[in-house]
There are 2 protein chains.
Amino acid sequence: MIHKEEKIQYPFKSLVFLTNRVARLLTQRIWQRVDAEEVEILPQHMGVLSDLWQQDGVRQQDLAVALIKDKATIARTIQFLEQKNILVRVADQQDKRNKRIYLTHKGKSLQEKLIPHAADTVEEATAEIAPEDLKICIQVLNRIYKNLNGFKCN
Amino acid sequence: MIHKEEKIQYPFKSLVFLTNRVARLLTQRIWQRVDAEEVEILPQHMGVLSDLWQQDGVRQQDLAVALIKDKATIARTIQFLEQKNILVRVADQQDKRNKRIYLTHKGKSLQEKLIPHAADTVEEATAEIAPEDLKICIQVLNRIYKNLNGFKCN
DNA sequence: TGTTATTCGTTGCGTAAGCAACTCATCTAA
DNA sequence: TTAGATGAGTTGCTTACGCAACGAATAACA
């Protein structure tokens, strides 16, 4: 058994499981605040939606890469969200292999029902953390993301 | 569409999806290095195992809480690992509702086959990040974990 | 131009996860 | 001591995920 003082040095736990658990807890807490009936979507759809809020008109494949998920999983999520009239799939006329994803008005307006809960959760999560430390943390995470993603990010 | 400069301010993406993706990428990269045949376990078993390396003799319920997973999921993982002779379940004589989980020699020795790959991955992930920044990042993540976990951690 | 190789999205299949209901052991309180 | 409450672990059910195979459209090359 490893002593508590050594835990913070433990490379696997300190990064892998910390990011894992924080990610899991954040999603959990956001969804505790969200009215599931009202938004009609499930937690696992949040990733796709969040990406589309920042940029739509992308391909399913782009979403799969960005979200580090299987393209089949993304396809089913897209199908679900299309049935809810949250987005539409448009065949690309330039390259008919592609389908471009566009948010509907309903899909865009979901931001107003979800972002406040996300913001509240982040506020709760970062309570009593110095803003400059949080900024560094996010910069480090971004850098780790880039390092692991072969600098494909941004 | 939100401009790139605004992304870093976006609370949901910056924390929720950064932790999500970093956690996902770290696990992915570790497993690219691991010889799956040799270790006999799957990525999703790593969490339980990692916790047990730090402290075994715990109950299944403890693992479920610590890993933020359903107790049924933990039960099946434990069952899998027991079949592989990586751990054993011992009925607690004090309280017969409990089963205590103990690692076998094989289970303990798996550390040697997994930790180096985890360490290498963390090293790759944190390349060109100032050690003091990384330290702050981990401290912040620990604090976020505590904040969201109702201070049940540590 | 025609043939081969990629690439995108879909589908089928097997596995893993969470929820809920259940069993069994233990604890509590009359 | 006995009835109800509590808590740990298991099982059944449903759904989500990843992998692999496939079809369609395009790209690359002779």
# chains A, B, ... in the order shown; residues from 1 in each chain; ligands from 1
>>> calpha_fit_and_write(fixed="chain B", moving="chain A", output="short mmCIF file (atom, residue, chain, number, x, y, z; two decimals) with N, CA and C atoms, in the first residue's frame")
data_model
loop_
_atom_site.label_atom_id
_atom_site.label_comp_id
_atom_site.auth_asym_id
_atom_site.auth_seq_id
_atom_site.Cartn_x
_atom_site.Cartn_y
_atom_site.Cartn_z
N MET A 1 -21.60 30.94 -34.82
CA MET A 1 -20.28 30.32 -34.59
C MET A 1 -19.41 31.22 -33.71
N ILE A 2 -18.80 30.61 -32.75
CA ILE A 2 -17.99 31.36 -31.79
C ILE A 2 -16.54 31.39 -32.28
N HIS A 3 -15.91 32.53 -32.14
CA HIS A 3 -14.53 32.64 -32.61
C HIS A 3 -13.60 31.85 -31.72
N LYS A 4 -12.46 31.51 -32.32
CA LYS A 4 -11.51 30.66 -31.63
C LYS A 4 -11.04 31.27 -30.31
N GLU A 5 -10.84 32.59 -30.31
CA GLU A 5 -10.35 33.25 -29.11
C GLU A 5 -11.32 33.07 -27.95
N GLU A 6 -12.58 32.91 -28.27
CA GLU A 6 -13.58 32.81 -27.21
C GLU A 6 -13.68 31.40 -26.65
N LYS A 7 -13.13 30.45 -27.39
CA LYS A 7 -13.28 29.06 -26.96
C LYS A 7 -12.75 28.83 -25.56
N ILE A 8 -11.61 29.41 -25.30
CA ILE A 8 -10.98 29.16 -24.00
C ILE A 8 -11.84 29.69 -22.87
N GLN A 9 -12.72 30.62 -23.15
CA GLN A 9 -13.60 31.17 -22.13
C GLN A 9 -14.83 30.31 -21.93
N TYR A 10 -15.14 29.55 -22.92
CA TYR A 10 -16.35 28.73 -22.92
C TYR A 10 -16.29 27.73 -21.78
N PRO A 11 -17.09 27.92 -20.76
CA PRO A 11 -16.87 27.12 -19.55
C PRO A 11 -17.07 25.63 -19.75
N PHE A 12 -18.07 25.28 -20.53
CA PHE A 12 -18.36 23.86 -20.70
C PHE A 12 -17.24 23.15 -21.43
N LYS A 13 -16.89 23.67 -22.57
CA LYS A 13 -15.84 23.04 -23.34
C LYS A 13 -14.52 23.04 -22.60
N SER A 14 -14.20 24.18 -22.02
CA SER A 14 -12.87 24.31 -21.46
C SER A 14 -12.61 23.29 -20.36
N LEU A 15 -13.59 23.02 -19.54
CA LEU A 15 -13.34 22.06 -18.46
C LEU A 15 -13.92 20.69 -18.76
N VAL A 16 -15.19 20.64 -19.09
CA VAL A 16 -15.86 19.36 -19.26
C VAL A 16 -15.23 18.56 -20.39
N PHE A 17 -15.11 19.20 -21.53
CA PHE A 17 -14.65 18.43 -22.66
C PHE A 17 -13.15 18.27 -22.71
N LEU A 18 -12.44 19.19 -22.09
CA LEU A 18 -11.00 19.04 -22.02
C LEU A 18 -10.65 17.85 -21.14
N THR A 19 -11.26 17.78 -19.96
CA THR A 19 -10.98 16.65 -19.08
C THR A 19 -11.44 15.35 -19.72
N ASN A 20 -12.60 15.42 -20.37
CA ASN A 20 -13.11 14.24 -21.04
C ASN A 20 -12.14 13.72 -22.08
N ARG A 21 -11.70 14.61 -22.94
CA ARG A 21 -10.84 14.17 -24.04
C ARG A 21 -9.46 13.78 -23.58
N VAL A 22 -8.92 14.52 -22.63
CA VAL A 22 -7.60 14.17 -22.12
C VAL A 22 -7.64 12.80 -21.46
N ALA A 23 -8.67 12.57 -20.67
CA ALA A 23 -8.81 11.27 -20.01
C ALA A 23 -8.89 10.16 -21.05
N ARG A 24 -9.69 10.38 -22.06
CA ARG A 24 -9.89 9.40 -23.11
C ARG A 24 -8.60 9.14 -23.88
N LEU A 25 -7.89 10.22 -24.21
CA LEU A 25 -6.65 10.08 -24.98
C LEU A 25 -5.58 9.38 -24.16
N LEU A 26 -5.50 9.71 -22.87
CA LEU A 26 -4.49 9.09 -22.02
C LEU A 26 -4.70 7.58 -21.99
N THR A 27 -5.94 7.17 -21.74
CA THR A 27 -6.23 5.74 -21.69
C THR A 27 -5.89 5.06 -23.02
N GLN A 28 -6.30 5.74 -24.09
CA GLN A 28 -6.04 5.20 -25.43
C GLN A 28 -4.56 4.99 -25.68
N ARG A 29 -3.77 6.01 -25.34
CA ARG A 29 -2.33 5.95 -25.60
C ARG A 29 -1.64 4.90 -24.73
N ILE A 30 -2.06 4.82 -23.48
CA ILE A 30 -1.47 3.79 -22.62
C ILE A 30 -1.72 2.43 -23.23
N TRP A 31 -2.93 2.21 -23.71
CA TRP A 31 -3.26 0.90 -24.22
C TRP A 31 -2.62 0.58 -25.56
N GLN A 32 -2.21 1.61 -26.25
CA GLN A 32 -1.45 1.38 -27.48
C GLN A 32 -0.08 0.78 -27.15
N ARG A 33 0.41 1.12 -25.97
CA ARG A 33 1.73 0.64 -25.57
C ARG A 33 1.67 -0.71 -24.88
N VAL A 34 0.57 -1.01 -24.23
CA VAL A 34 0.45 -2.23 -23.43
C VAL A 34 0.27 -3.45 -24.33
N ASP A 35 0.89 -4.55 -23.93
CA ASP A 35 0.68 -5.82 -24.61
C ASP A 35 -0.57 -6.48 -24.02
N ALA A 36 -1.67 -6.35 -24.75
CA ALA A 36 -2.96 -6.81 -24.22
C ALA A 36 -2.94 -8.30 -23.91
N GLU A 37 -2.24 -9.07 -24.72
CA GLU A 37 -2.16 -10.52 -24.49
C GLU A 37 -1.52 -10.80 -23.14
N GLU A 38 -0.48 -10.03 -22.86
CA GLU A 38 0.32 -10.30 -21.67
C GLU A 38 -0.43 -9.94 -20.39
N VAL A 39 -1.11 -8.79 -20.39
CA VAL A 39 -1.73 -8.34 -19.15
C VAL A 39 -3.10 -8.97 -18.90
N GLU A 40 -3.73 -9.47 -19.96
CA GLU A 40 -4.99 -10.23 -19.84
C GLU A 40 -6.19 -9.40 -19.47
N ILE A 41 -5.98 -8.12 -19.18
CA ILE A 41 -7.13 -7.30 -18.80
C ILE A 41 -7.46 -6.30 -19.90
N LEU A 42 -8.58 -5.62 -19.74
CA LEU A 42 -9.03 -4.63 -20.72
C LEU A 42 -8.95 -3.24 -20.09
N PRO A 43 -8.93 -2.22 -20.93
CA PRO A 43 -8.79 -0.85 -20.42
C PRO A 43 -9.78 -0.52 -19.30
N GLN A 44 -11.00 -0.99 -19.42
CA GLN A 44 -12.01 -0.62 -18.43
C GLN A 44 -11.77 -1.27 -17.07
N HIS A 45 -10.83 -2.22 -17.01
CA HIS A 45 -10.52 -2.84 -15.73
C HIS A 45 -9.42 -2.08 -14.98
N MET A 46 -8.77 -1.19 -15.71
CA MET A 46 -7.62 -0.47 -15.18
C MET A 46 -7.97 0.32 -13.92
N GLY A 47 -9.12 0.92 -13.89
CA GLY A 47 -9.49 1.75 -12.75
C GLY A 47 -9.53 0.98 -11.46
N VAL A 48 -10.21 -0.14 -11.49
CA VAL A 48 -10.31 -0.98 -10.30
C VAL A 48 -8.92 -1.42 -9.86
N LEU A 49 -8.15 -1.86 -10.82
CA LEU A 49 -6.82 -2.37 -10.52
C LEU A 49 -5.94 -1.28 -9.91
N SER A 50 -6.00 -0.12 -10.50
CA SER A 50 -5.18 0.98 -10.02
C SER A 50 -5.52 1.34 -8.58
N ASP A 51 -6.81 1.34 -8.28
CA ASP A 51 -7.23 1.61 -6.90
C ASP A 51 -6.73 0.53 -5.95
N LEU A 52 -6.81 -0.71 -6.40
CA LEU A 52 -6.41 -1.82 -5.53
C LEU A 52 -4.90 -1.83 -5.28
N TRP A 53 -4.15 -1.35 -6.24
CA TRP A 53 -2.69 -1.27 -6.02
C TRP A 53 -2.38 -0.34 -4.87
N GLN A 54 -3.18 0.68 -4.74
CA GLN A 54 -2.94 1.63 -3.66
C GLN A 54 -3.49 1.13 -2.34
N GLN A 55 -4.57 0.37 -2.40
CA GLN A 55 -5.13 -0.18 -1.17
C GLN A 55 -6.08 -1.31 -1.51
N ASP A 56 -5.77 -2.50 -1.07
CA ASP A 56 -6.73 -3.59 -1.28
C ASP A 56 -7.34 -3.98 0.07
N GLY A 57 -8.16 -5.00 0.06
CA GLY A 57 -8.92 -5.32 1.26
C GLY A 57 -10.17 -4.46 1.38
N VAL A 58 -10.47 -3.69 0.33
CA VAL A 58 -11.65 -2.83 0.36
C VAL A 58 -12.88 -3.59 -0.14
N ARG A 59 -14.03 -2.94 0.00
CA ARG A 59 -15.28 -3.56 -0.46
C ARG A 59 -15.57 -3.13 -1.89
N GLN A 60 -16.41 -3.85 -2.56
CA GLN A 60 -16.80 -3.49 -3.92
C GLN A 60 -17.46 -2.12 -3.94
N GLN A 61 -18.25 -1.87 -2.92
CA GLN A 61 -18.95 -0.60 -2.83
C GLN A 61 -17.97 0.58 -2.76
N ASP A 62 -16.88 0.38 -2.03
CA ASP A 62 -15.87 1.43 -1.94
C ASP A 62 -15.31 1.74 -3.32
N LEU A 63 -15.05 0.70 -4.07
CA LEU A 63 -14.50 0.90 -5.42
C LEU A 63 -15.50 1.62 -6.31
N ALA A 64 -16.77 1.24 -6.17
CA ALA A 64 -17.80 1.87 -6.99
C ALA A 64 -17.86 3.38 -6.72
N VAL A 65 -17.82 3.73 -5.44
CA VAL A 65 -17.87 5.15 -5.07
C VAL A 65 -16.62 5.87 -5.58
N ALA A 66 -15.47 5.27 -5.35
CA ALA A 66 -14.22 5.92 -5.73
C ALA A 66 -14.11 6.10 -7.24
N LEU A 67 -14.63 5.15 -7.97
CA LEU A 67 -14.50 5.19 -9.43
C LEU A 67 -15.71 5.83 -10.09
N ILE A 68 -16.69 6.22 -9.27
CA ILE A 68 -17.90 6.85 -9.80
C ILE A 68 -18.54 5.95 -10.85
N LYS A 69 -18.67 4.68 -10.49
CA LYS A 69 -19.31 3.72 -11.39
C LYS A 69 -20.39 2.97 -10.63
N ASP A 70 -21.26 2.37 -11.38
CA ASP A 70 -22.33 1.58 -10.78
C ASP A 70 -21.76 0.34 -10.09
N LYS A 71 -22.38 -0.03 -8.99
CA LYS A 71 -21.86 -1.19 -8.24
C LYS A 71 -21.99 -2.47 -9.04
N ALA A 72 -22.97 -2.52 -9.94
CA ALA A 72 -23.13 -3.69 -10.79
C ALA A 72 -21.95 -3.82 -11.76
N THR A 73 -21.54 -2.68 -12.29
CA THR A 73 -20.38 -2.66 -13.19
C THR A 73 -19.14 -3.16 -12.47
N ILE A 74 -18.94 -2.65 -11.25
CA ILE A 74 -17.79 -3.07 -10.46
C ILE A 74 -17.86 -4.57 -10.18
N ALA A 75 -19.06 -5.04 -9.86
CA ALA A 75 -19.22 -6.46 -9.55
C ALA A 75 -18.76 -7.32 -10.72
N ARG A 76 -19.14 -6.90 -11.92
CA ARG A 76 -18.75 -7.69 -13.11
C ARG A 76 -17.27 -7.60 -13.39
N THR A 77 -16.69 -6.43 -13.15
CA THR A 77 -15.24 -6.28 -13.32
C THR A 77 -14.50 -7.18 -12.34
N ILE A 78 -14.96 -7.16 -11.08
CA ILE A 78 -14.35 -7.99 -10.04
C ILE A 78 -14.45 -9.46 -10.43
N GLN A 79 -15.60 -9.83 -10.93
CA GLN A 79 -15.81 -11.23 -11.33
C GLN A 79 -14.83 -11.62 -12.44
N PHE A 80 -14.68 -10.72 -13.40
CA PHE A 80 -13.74 -10.95 -14.51
C PHE A 80 -12.33 -11.13 -13.98
N LEU A 81 -11.91 -10.21 -13.11
CA LEU A 81 -10.54 -10.23 -12.61
C LEU A 81 -10.30 -11.43 -11.70
N GLU A 82 -11.36 -11.88 -11.02
CA GLU A 82 -11.20 -13.05 -10.17
C GLU A 82 -10.98 -14.30 -11.03
N GLN A 83 -11.70 -14.37 -12.14
CA GLN A 83 -11.52 -15.50 -13.05
C GLN A 83 -10.11 -15.56 -13.62
N LYS A 84 -9.49 -14.40 -13.74
CA LYS A 84 -8.12 -14.35 -14.26
C LYS A 84 -7.09 -14.52 -13.14
N ASN A 85 -7.57 -14.82 -11.93
CA ASN A 85 -6.69 -14.99 -10.77
C ASN A 85 -5.88 -13.74 -10.46
N ILE A 86 -6.48 -12.59 -10.72
CA ILE A 86 -5.80 -11.33 -10.44
C ILE A 86 -6.17 -10.85 -9.04
N LEU A 87 -7.35 -11.26 -8.58
CA LEU A 87 -7.77 -10.91 -7.22
C LEU A 87 -8.66 -12.01 -6.66
N VAL A 88 -8.93 -11.91 -5.36
CA VAL A 88 -9.85 -12.85 -4.72
C VAL A 88 -10.86 -12.06 -3.89
N ARG A 89 -12.06 -12.61 -3.80
CA ARG A 89 -13.10 -12.04 -2.95
C ARG A 89 -13.19 -12.85 -1.67
N VAL A 90 -13.12 -12.17 -0.54
CA VAL A 90 -13.19 -12.86 0.75
C VAL A 90 -14.37 -12.29 1.53
N ALA A 91 -15.26 -13.18 1.95
CA ALA A 91 -16.41 -12.73 2.74
C ALA A 91 -15.91 -12.18 4.07
N ASP A 92 -16.40 -11.01 4.43
CA ASP A 92 -16.01 -10.37 5.68
C ASP A 92 -16.71 -11.07 6.83
N GLN A 93 -15.93 -11.56 7.79
CA GLN A 93 -16.51 -12.30 8.90
C GLN A 93 -17.22 -11.38 9.89
N GLN A 94 -16.76 -10.14 9.98
CA GLN A 94 -17.41 -9.17 10.87
C GLN A 94 -18.79 -8.80 10.33
N ASP A 95 -18.84 -8.53 9.04
CA ASP A 95 -20.10 -8.11 8.41
C ASP A 95 -20.26 -8.89 7.12
N LYS A 96 -21.10 -9.90 7.19
CA LYS A 96 -21.15 -10.85 6.07
C LYS A 96 -21.81 -10.29 4.81
N ARG A 97 -22.28 -9.04 4.88
CA ARG A 97 -22.77 -8.42 3.65
C ARG A 97 -21.59 -8.04 2.75
N ASN A 98 -20.46 -7.78 3.39
CA ASN A 98 -19.29 -7.29 2.65
C ASN A 98 -18.44 -8.41 2.09
N LYS A 99 -17.84 -8.11 0.95
CA LYS A 99 -16.78 -8.99 0.44
C LYS A 99 -15.54 -8.14 0.26
N ARG A 100 -14.48 -8.58 0.86
CA ARG A 100 -13.23 -7.84 0.78
C ARG A 100 -12.43 -8.32 -0.43
N ILE A 101 -11.88 -7.36 -1.14
CA ILE A 101 -11.12 -7.67 -2.36
C ILE A 101 -9.63 -7.65 -2.05
N TYR A 102 -8.96 -8.74 -2.37
CA TYR A 102 -7.51 -8.79 -2.19
C TYR A 102 -6.84 -9.17 -3.49
N LEU A 103 -5.76 -8.46 -3.80
CA LEU A 103 -4.99 -8.79 -4.99
C LEU A 103 -4.19 -10.06 -4.75
N THR A 104 -4.05 -10.86 -5.77
CA THR A 104 -3.14 -11.99 -5.72
C THR A 104 -1.74 -11.49 -6.08
N HIS A 105 -0.79 -12.39 -5.98
CA HIS A 105 0.56 -12.03 -6.41
C HIS A 105 0.54 -11.59 -7.86
N LYS A 106 -0.23 -12.32 -8.66
CA LYS A 106 -0.35 -11.98 -10.08
C LYS A 106 -0.92 -10.58 -10.26
N GLY A 107 -1.92 -10.27 -9.47
CA GLY A 107 -2.53 -8.95 -9.56
C GLY A 107 -1.56 -7.84 -9.19
N LYS A 108 -0.78 -8.09 -8.13
CA LYS A 108 0.19 -7.08 -7.72
C LYS A 108 1.29 -6.92 -8.76
N SER A 109 1.69 -8.03 -9.36
CA SER A 109 2.80 -7.97 -10.30
C SER A 109 2.41 -7.31 -11.62
N LEU A 110 1.11 -7.15 -11.83
CA LEU A 110 0.67 -6.47 -13.05
C LEU A 110 1.13 -5.01 -13.08
N GLN A 111 1.39 -4.47 -11.90
CA GLN A 111 1.89 -3.10 -11.84
C GLN A 111 3.12 -2.93 -12.73
N GLU A 112 4.00 -3.92 -12.65
CA GLU A 112 5.27 -3.81 -13.39
C GLU A 112 5.05 -3.83 -14.89
N LYS A 113 3.92 -4.38 -15.31
CA LYS A 113 3.65 -4.46 -16.74
C LYS A 113 2.84 -3.28 -17.25
N LEU A 114 2.25 -2.52 -16.32
CA LEU A 114 1.37 -1.44 -16.75
C LEU A 114 1.90 -0.06 -16.39
N ILE A 115 2.44 0.09 -15.19
CA ILE A 115 2.89 1.41 -14.75
C ILE A 115 3.92 2.04 -15.69
N PRO A 116 4.90 1.28 -16.16
CA PRO A 116 5.87 1.93 -17.07
C PRO A 116 5.22 2.55 -18.30
N HIS A 117 4.21 1.86 -18.84
CA HIS A 117 3.53 2.41 -20.02
C HIS A 117 2.73 3.65 -19.65
N ALA A 118 2.14 3.62 -18.47
CA ALA A 118 1.40 4.79 -18.00
C ALA A 118 2.36 5.96 -17.81
N ALA A 119 3.50 5.67 -17.22
CA ALA A 119 4.49 6.72 -16.96
C ALA A 119 5.01 7.30 -18.28
N ASP A 120 5.28 6.43 -19.24
CA ASP A 120 5.75 6.90 -20.55
C ASP A 120 4.70 7.79 -21.20
N THR A 121 3.45 7.36 -21.08
CA THR A 121 2.37 8.14 -21.70
C THR A 121 2.24 9.50 -21.05
N VAL A 122 2.33 9.52 -19.72
CA VAL A 122 2.25 10.80 -19.01
C VAL A 122 3.43 11.69 -19.41
N GLU A 123 4.57 11.07 -19.56
CA GLU A 123 5.74 11.85 -19.98
C GLU A 123 5.51 12.45 -21.36
N GLU A 124 4.99 11.64 -22.27
CA GLU A 124 4.68 12.14 -23.61
C GLU A 124 3.63 13.25 -23.53
N ALA A 125 2.65 13.03 -22.68
CA ALA A 125 1.54 13.97 -22.58
C ALA A 125 1.98 15.31 -22.02
N THR A 126 2.94 15.28 -21.13
CA THR A 126 3.33 16.51 -20.43
C THR A 126 4.63 17.09 -20.98
N ALA A 127 4.98 16.69 -22.17
CA ALA A 127 6.20 17.20 -22.79
C ALA A 127 6.12 18.72 -22.93
N GLU A 128 7.20 19.37 -22.62
CA GLU A 128 7.30 20.84 -22.76
C GLU A 128 6.29 21.60 -21.92
N ILE A 129 5.84 20.96 -20.84
CA ILE A 129 5.02 21.68 -19.87
C ILE A 129 5.89 21.91 -18.64
N ALA A 130 5.90 23.13 -18.17
CA ALA A 130 6.73 23.46 -17.00
C ALA A 130 6.24 22.65 -15.80
N PRO A 131 7.16 22.02 -15.08
CA PRO A 131 6.78 21.19 -13.93
C PRO A 131 5.89 21.92 -12.93
N GLU A 132 6.16 23.19 -12.72
CA GLU A 132 5.35 23.92 -11.74
C GLU A 132 3.93 24.13 -12.27
N ASP A 133 3.79 24.28 -13.58
CA ASP A 133 2.45 24.42 -14.16
C ASP A 133 1.68 23.10 -14.05
N LEU A 134 2.39 22.02 -14.30
CA LEU A 134 1.75 20.71 -14.20
C LEU A 134 1.31 20.45 -12.77
N LYS A 135 2.15 20.85 -11.84
CA LYS A 135 1.82 20.66 -10.43
C LYS A 135 0.55 21.44 -10.07
N ILE A 136 0.49 22.68 -10.55
CA ILE A 136 -0.70 23.50 -10.30
C ILE A 136 -1.92 22.86 -10.93
N CYS A 137 -1.76 22.36 -12.14
CA CYS A 137 -2.87 21.72 -12.85
C CYS A 137 -3.43 20.56 -12.04
N ILE A 138 -2.53 19.74 -11.53
CA ILE A 138 -2.97 18.57 -10.76
C ILE A 138 -3.62 19.00 -9.45
N GLN A 139 -3.06 20.04 -8.83
CA GLN A 139 -3.67 20.54 -7.60
C GLN A 139 -5.09 21.06 -7.87
N VAL A 140 -5.23 21.77 -8.98
CA VAL A 140 -6.54 22.31 -9.33
C VAL A 140 -7.53 21.18 -9.59
N LEU A 141 -7.08 20.17 -10.32
CA LEU A 141 -7.96 19.04 -10.61
C LEU A 141 -8.37 18.33 -9.32
N ASN A 142 -7.41 18.19 -8.41
CA ASN A 142 -7.74 17.59 -7.13
C ASN A 142 -8.78 18.40 -6.39
N ARG A 143 -8.61 19.73 -6.46
CA ARG A 143 -9.56 20.60 -5.77
C ARG A 143 -10.95 20.51 -6.41
N ILE A 144 -10.98 20.48 -7.73
CA ILE A 144 -12.25 20.34 -8.43
C ILE A 144 -12.92 19.02 -8.02
N TYR A 145 -12.11 18.00 -7.96
CA TYR A 145 -12.62 16.69 -7.55
C TYR A 145 -13.25 16.77 -6.18
N LYS A 146 -12.54 17.43 -5.26
CA LYS A 146 -13.08 17.58 -3.90
C LYS A 146 -14.37 18.39 -3.91
N ASN A 147 -14.34 19.49 -4.65
CA ASN A 147 -15.52 20.36 -4.70
C ASN A 147 -16.75 19.62 -5.19
N LEU A 148 -16.56 18.81 -6.21
CA LEU A 148 -17.71 18.12 -6.82
C LEU A 148 -18.09 16.88 -6.05
N ASN A 149 -17.16 16.37 -5.31
CA ASN A 149 -17.40 15.12 -4.61
C ASN A 149 -17.87 15.36 -3.18
N GLY A 150 -18.26 16.59 -2.90
CA GLY A 150 -18.75 16.91 -1.56
C GLY A 150 -17.70 16.69 -0.49
N PHE A 151 -16.44 16.93 -0.85
CA PHE A 151 -15.33 16.82 0.10
C PHE A 151 -15.22 15.41 0.67
N LYS A 152 -15.72 14.44 -0.07
CA LYS A 152 -15.60 13.07 0.42
C LYS A 152 -14.21 12.50 0.16
N CYS A 153 -13.49 13.18 -0.75
CA CYS A 153 -12.16 12.69 -1.13
C CYS A 153 -11.12 13.03 -0.08
N ASN A 154 -10.29 12.06 0.29
CA ASN A 154 -9.21 12.18 1.27
C ASN A 154 -9.71 12.58 2.67
#
>>> interface_residues(of="chain D", to="chain A", cutoff="12 Å", atoms="only C-alpha atoms (C1' of nucleotides)", output="NGL selection string")
:D and (15-20 or 23-27)
>>> select_by_dssp(residues="chain A", states="strand (DSSP E)", output="list in words")
Val58, Arg59, Leu87, Val88, Arg89, Val90, Ala91, Lys99, Arg100, Ile101, Tyr102 and Leu103 of chain A
>>> write_last_selection(atoms="N, CA and C atoms", output="PDB file, in the first residue's frame")
ATOM      1  N   VAL A  58     -20.270  20.786 -40.369  1.00  0.00           N
ATOM      2  CA  VAL A  58     -19.157  19.841 -40.419  1.00  0.00           C
ATOM      3  C   VAL A  58     -19.659  18.441 -40.797  1.00  0.00           C
ATOM      4  N   ARG A  59     -18.709  17.546 -41.036  1.00  0.00           N
ATOM      5  CA  ARG A  59     -19.064  16.168 -41.385  1.00  0.00           C
ATOM      6  C   ARG A  59     -19.124  15.315 -40.127  1.00  0.00           C
ATOM      7  N   LEU A  87     -31.108  18.788 -35.379  1.00  0.00           N
ATOM      8  CA  LEU A  87     -30.187  19.064 -36.474  1.00  0.00           C
ATOM      9  C   LEU A  87     -30.702  18.404 -37.748  1.00  0.00           C
ATOM     10  N   VAL A  88     -30.073  18.760 -38.865  1.00  0.00           N
ATOM     11  CA  VAL A  88     -30.399  18.124 -40.141  1.00  0.00           C
ATOM     12  C   VAL A  88     -29.114  17.687 -40.824  1.00  0.00           C
ATOM     13  N   ARG A  89     -29.230  16.599 -41.579  1.00  0.00           N
ATOM     14  CA  ARG A  89     -28.112  16.114 -42.389  1.00  0.00           C
ATOM     15  C   ARG A  89     -28.342  16.527 -43.833  1.00  0.00           C
ATOM     16  N   VAL A  90     -27.350  17.161 -44.426  1.00  0.00           N
ATOM     17  CA  VAL A  90     -27.468  17.604 -45.813  1.00  0.00           C
ATOM     18  C   VAL A  90     -26.347  16.964 -46.623  1.00  0.00           C
ATOM     19  N   ALA A  91     -26.720  16.265 -47.683  1.00  0.00           N
ATOM     20  CA  ALA A  91     -25.711  15.648 -48.542  1.00  0.00           C
ATOM     21  C   ALA A  91     -24.883  16.733 -49.198  1.00  0.00           C
ATOM     22  N   LYS A  99     -21.858  14.053 -45.505  1.00  0.00           N
ATOM     23  CA  LYS A  99     -23.119  14.675 -45.103  1.00  0.00           C
ATOM     24  C   LYS A  99     -22.794  15.785 -44.128  1.00  0.00           C
ATOM     25  N   ARG A 100     -23.263  16.950 -44.440  1.00  0.00           N
ATOM     26  CA  ARG A 100     -22.997  18.103 -43.590  1.00  0.00           C
ATOM     27  C   ARG A 100     -24.087  18.220 -42.537  1.00  0.00           C
ATOM     28  N   ILE A 101     -23.661  18.495 -41.320  1.00  0.00           N
ATOM     29  CA  ILE A 101     -24.588  18.588 -40.197  1.00  0.00           C
ATOM     30  C   ILE A 101     -24.885  20.054 -39.900  1.00  0.00           C
ATOM     31  N   TYR A 102     -26.160  20.394 -39.893  1.00  0.00           N
ATOM     32  CA  TYR A 102     -26.553  21.759 -39.547  1.00  0.00           C
ATOM     33  C   TYR A 102     -27.555  21.735 -38.414  1.00  0.00           C
ATOM     34  N   LEU A 103     -27.350  22.630 -37.455  1.00  0.00           N
ATOM     35  CA  LEU A 103     -28.296  22.752 -36.349  1.00  0.00           C
ATOM     36  C   LEU A 103     -29.561  23.437 -36.832  1.00  0.00           C
TER      37      LEU A 103
END
>>> interface_residues(of="chain C", to="chain A", cutoff="12 Å", atoms="only C-alpha atoms (C1' of nucleotides)", output="number ranges by chain")
C: 6-12
>>> select_by_dssp(residues="stretch 29-126 of chain A", states="helix (DSSP H, G or I)", output="PyMOL selection string")
chain A and resi 29-33+36-39+43-54+60-67+71-83+105-125
>>> residues_around(residues="D:DG4", least_positions_apart="2", cutoff="12 Å", atoms="only C-alpha atoms (C1' of nucleotides)", output="list of chain:residue names")
C:DC27, C:DT28, C:DA29, C:DA30, D:DT2, D:DT6
>>> write_last_selection(atoms="C-alpha atoms (C1' of nucleotides)", output="PDB file, in the first residue's frame")
ATOM      1  C1'  DC C  27     -28.500  -3.607  12.523  1.00  0.00           C
ATOM      2  C1'  DT C  28     -32.136  -1.148  15.200  1.00  0.00           C
ATOM      3  C1'  DA C  29     -35.851  -0.649  18.194  1.00  0.00           C
ATOM      4  C1'  DA C  30     -39.972  -1.986  20.454  1.00  0.00           C
TER       5       DA C  30
ATOM      6  C1'  DT D   2     -38.560 -10.394  16.679  1.00  0.00           C
ATOM      7  C1'  DT D   6     -30.534  -0.684   6.159  1.00  0.00           C
TER       8       DT D   6
END
